[in-house]
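To start, the structure itself, in C-alpha cells.
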Amino acid sequence: MIEDSTTITELLAEFADRKSPREAKMVGLPGDRKPTPEELHEAREPSRFLLFRLQT
C-alpha cells in the first residue's frame with residue numbers, strides 16, 4: 001500500500017510514459033500528451049495505491 005503523495009505522483013508519471021493513451025485515460029491522465037504536474041496531482045486521488053511487482 002502506497003500512501004506517500006510524492007511516490008504516487010512519480011508512479012503515475014511512469015505509468016503515463018509506459019502505457020498507451022487509452023490506459024492513461026483510465027486513471028484520469030490525458031492520453032494525447034505528457035501530463036502536467038497539476039494533472040498528476042489531480043489523478044492521485046484516491047490517496048492510496050497498491051503496487052504489484054511481478055517477479056519471475
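Letters for chains follow the order of the C-alpha cells (A, B, ...), residue numbers begin at 1 for each chain, and ligand numbers begin at 1 in the order shown.
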May I have the residues within 9 Å of Gly28 of chain A as a PDB file with C-alpha atoms, in the first residue's frame, using only C-alpha atoms and disregarding those fewer than 5 positions away in the same chain?
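Result saved to around-v4.pdb:
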```pdb
ATOM      1  CA  GLU A  39      -2.836  16.715 -13.773  1.00  0.00           C
ATOM      2  CA  LEU A  40      -0.650  14.178 -11.993  1.00  0.00           C
ATOM      3  CA  GLU A  42      -5.357  15.519  -9.534  1.00  0.00           C
ATOM      4  CA  ALA A  43      -5.052  11.914 -10.739  1.00  0.00           C
ATOM      5  CA  ARG A  44      -3.569  10.769  -7.424  1.00  0.00           C
TER       6      ARG A  44
END
```
- Message: To one decimal place in Å, what is the distance between atom CA of Ile2 of chain A and atom CA of Gly31 of chain A?
- Response: 24.0 Å
- Task: May I ask for the distance between atom CA of Asp17 of chain A and atom CA of Phe49 of chain A, given in Å to one decimal place?
- Result: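 Going from atom CA of Asp17 of chain A over to atom CA of Phe49 of chain A, I get 18.0 Å.
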- Give the answer as one residue: which of A:Lys25, A:Met1, A:Ile8, A:Gln55 has the shortest atom-to-atom distance to His41 of chain A, using only C-alpha atoms?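 Going through A:Lys25, A:Met1, A:Ile8, A:Gln55 one by one, the smallest distance to His41 of chain A is for A:Ile8.
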So which residues touch Glu14 of chain A within 12 Å, counting only C-alpha atoms, skipping near sequence neighbours fewer than 6 positions away, as a PDB file with N, CA, C and O atoms, in the first residue's frame?
```pdb
ATOM      1  N   THR A   7       5.433   9.732  -3.967  1.00  0.00           N
ATOM      2  CA  THR A   7       5.639   8.429  -4.598  1.00  0.00           C
ATOM      3  C   THR A   7       4.514   8.117  -5.572  1.00  0.00           C
ATOM      4  O   THR A   7       4.759   7.626  -6.676  1.00  0.00           O
ATOM      5  N   ILE A   8       3.276   8.421  -5.187  1.00  0.00           N
ATOM      6  CA  ILE A   8       2.136   8.186  -6.074  1.00  0.00           C
ATOM      7  C   ILE A   8       2.272   9.015  -7.343  1.00  0.00           C
ATOM      8  O   ILE A   8       2.054   8.518  -8.450  1.00  0.00           O
ATOM      9  N   SER A  20      -0.321   3.015 -23.016  1.00  0.00           N
ATOM     10  CA  SER A  20      -0.993   3.601 -24.168  1.00  0.00           C
ATOM     11  C   SER A  20      -1.879   4.769 -23.721  1.00  0.00           C
ATOM     12  O   SER A  20      -2.224   4.888 -22.543  1.00  0.00           O
ATOM     13  N   ALA A  24      -3.774   5.398 -20.060  1.00  0.00           N
ATOM     14  CA  ALA A  24      -3.548   6.616 -19.277  1.00  0.00           C
ATOM     15  C   ALA A  24      -4.875   7.281 -18.934  1.00  0.00           C
ATOM     16  O   ALA A  24      -5.078   7.740 -17.806  1.00  0.00           O
ATOM     17  N   LEU A  29      -5.553  10.459 -16.601  1.00  0.00           N
ATOM     18  CA  LEU A  29      -4.480  11.243 -17.218  1.00  0.00           C
ATOM     19  C   LEU A  29      -4.822  11.524 -18.676  1.00  0.00           C
ATOM     20  O   LEU A  29      -5.550  10.757 -19.295  1.00  0.00           O
ATOM     21  N   LYS A  34       2.065  14.299 -22.574  1.00  0.00           N
ATOM     22  CA  LYS A  34       2.619  14.088 -21.228  1.00  0.00           C
ATOM     23  C   LYS A  34       1.807  14.922 -20.233  1.00  0.00           C
ATOM     24  O   LYS A  34       1.548  16.103 -20.477  1.00  0.00           O
ATOM     25  N   PRO A  35       1.375  14.325 -19.118  1.00  0.00           N
ATOM     26  CA  PRO A  35       0.570  15.086 -18.148  1.00  0.00           C
ATOM     27  C   PRO A  35       1.389  16.160 -17.446  1.00  0.00           C
ATOM     28  O   PRO A  35       2.585  16.006 -17.212  1.00  0.00           O
ATOM     29  N   LEU A  40      -1.126  15.306 -12.795  1.00  0.00           N
ATOM     30  CA  LEU A  40      -0.650  14.178 -11.993  1.00  0.00           C
ATOM     31  C   LEU A  40      -1.166  14.291 -10.563  1.00  0.00           C
ATOM     32  O   LEU A  40      -1.583  13.302  -9.957  1.00  0.00           O
TER      33      LEU A  40
END
```
- Message: Quick check for you: according to DSSP on this backbone, which residues of chain A are classed as alpha helix (DSSP H)? Reply as a ChimeraX atom specification.
- Response: /A:5-18,21-26,37-43
Dump as a PDB file, in the first residue's frame, selection limited to C-alpha atoms:
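Final output, selection_26.pdb:
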```pdb
ATOM      1  CA  SER A   5       1.762  11.571  -2.352  1.00  0.00           C
ATOM      2  CA  THR A   6       5.191  12.141  -3.922  1.00  0.00           C
ATOM      3  CA  THR A   7       5.639   8.429  -4.598  1.00  0.00           C
ATOM      4  CA  ILE A   8       2.136   8.186  -6.074  1.00  0.00           C
ATOM      5  CA  THR A   9       2.838  11.129  -8.383  1.00  0.00           C
ATOM      6  CA  GLU A  10       6.100   9.525  -9.541  1.00  0.00           C
ATOM      7  CA  LEU A  11       4.343   6.213 -10.216  1.00  0.00           C
ATOM      8  CA  LEU A  12       1.615   7.938 -12.216  1.00  0.00           C
ATOM      9  CA  ALA A  13       4.223   9.790 -14.287  1.00  0.00           C
ATOM     10  CA  GLU A  14       5.988   6.492 -15.006  1.00  0.00           C
ATOM     11  CA  PHE A  15       2.659   4.871 -15.865  1.00  0.00           C
ATOM     12  CA  ALA A  16       1.843   7.669 -18.322  1.00  0.00           C
ATOM     13  CA  ASP A  17       5.224   7.252 -20.029  1.00  0.00           C
ATOM     14  CA  ARG A  18       4.930   3.472 -20.381  1.00  0.00           C
ATOM     15  CA  PRO A  21      -3.163   6.731 -24.315  1.00  0.00           C
ATOM     16  CA  ARG A  22      -6.242   4.618 -23.584  1.00  0.00           C
ATOM     17  CA  GLU A  23      -4.664   3.162 -20.437  1.00  0.00           C
ATOM     18  CA  ALA A  24      -3.548   6.616 -19.277  1.00  0.00           C
ATOM     19  CA  LYS A  25      -7.102   7.915 -19.625  1.00  0.00           C
ATOM     20  CA  MET A  26      -8.381   5.080 -17.442  1.00  0.00           C
ATOM     21  CA  PRO A  37       2.308  18.261 -12.666  1.00  0.00           C
ATOM     22  CA  GLU A  38      -1.184  19.566 -11.841  1.00  0.00           C
ATOM     23  CA  GLU A  39      -2.836  16.715 -13.773  1.00  0.00           C
ATOM     24  CA  LEU A  40      -0.650  14.178 -11.993  1.00  0.00           C
ATOM     25  CA  HIS A  41      -1.647  15.733  -8.679  1.00  0.00           C
ATOM     26  CA  GLU A  42      -5.357  15.519  -9.534  1.00  0.00           C
ATOM     27  CA  ALA A  43      -5.052  11.914 -10.739  1.00  0.00           C
TER      28      ALA A  43
END
```
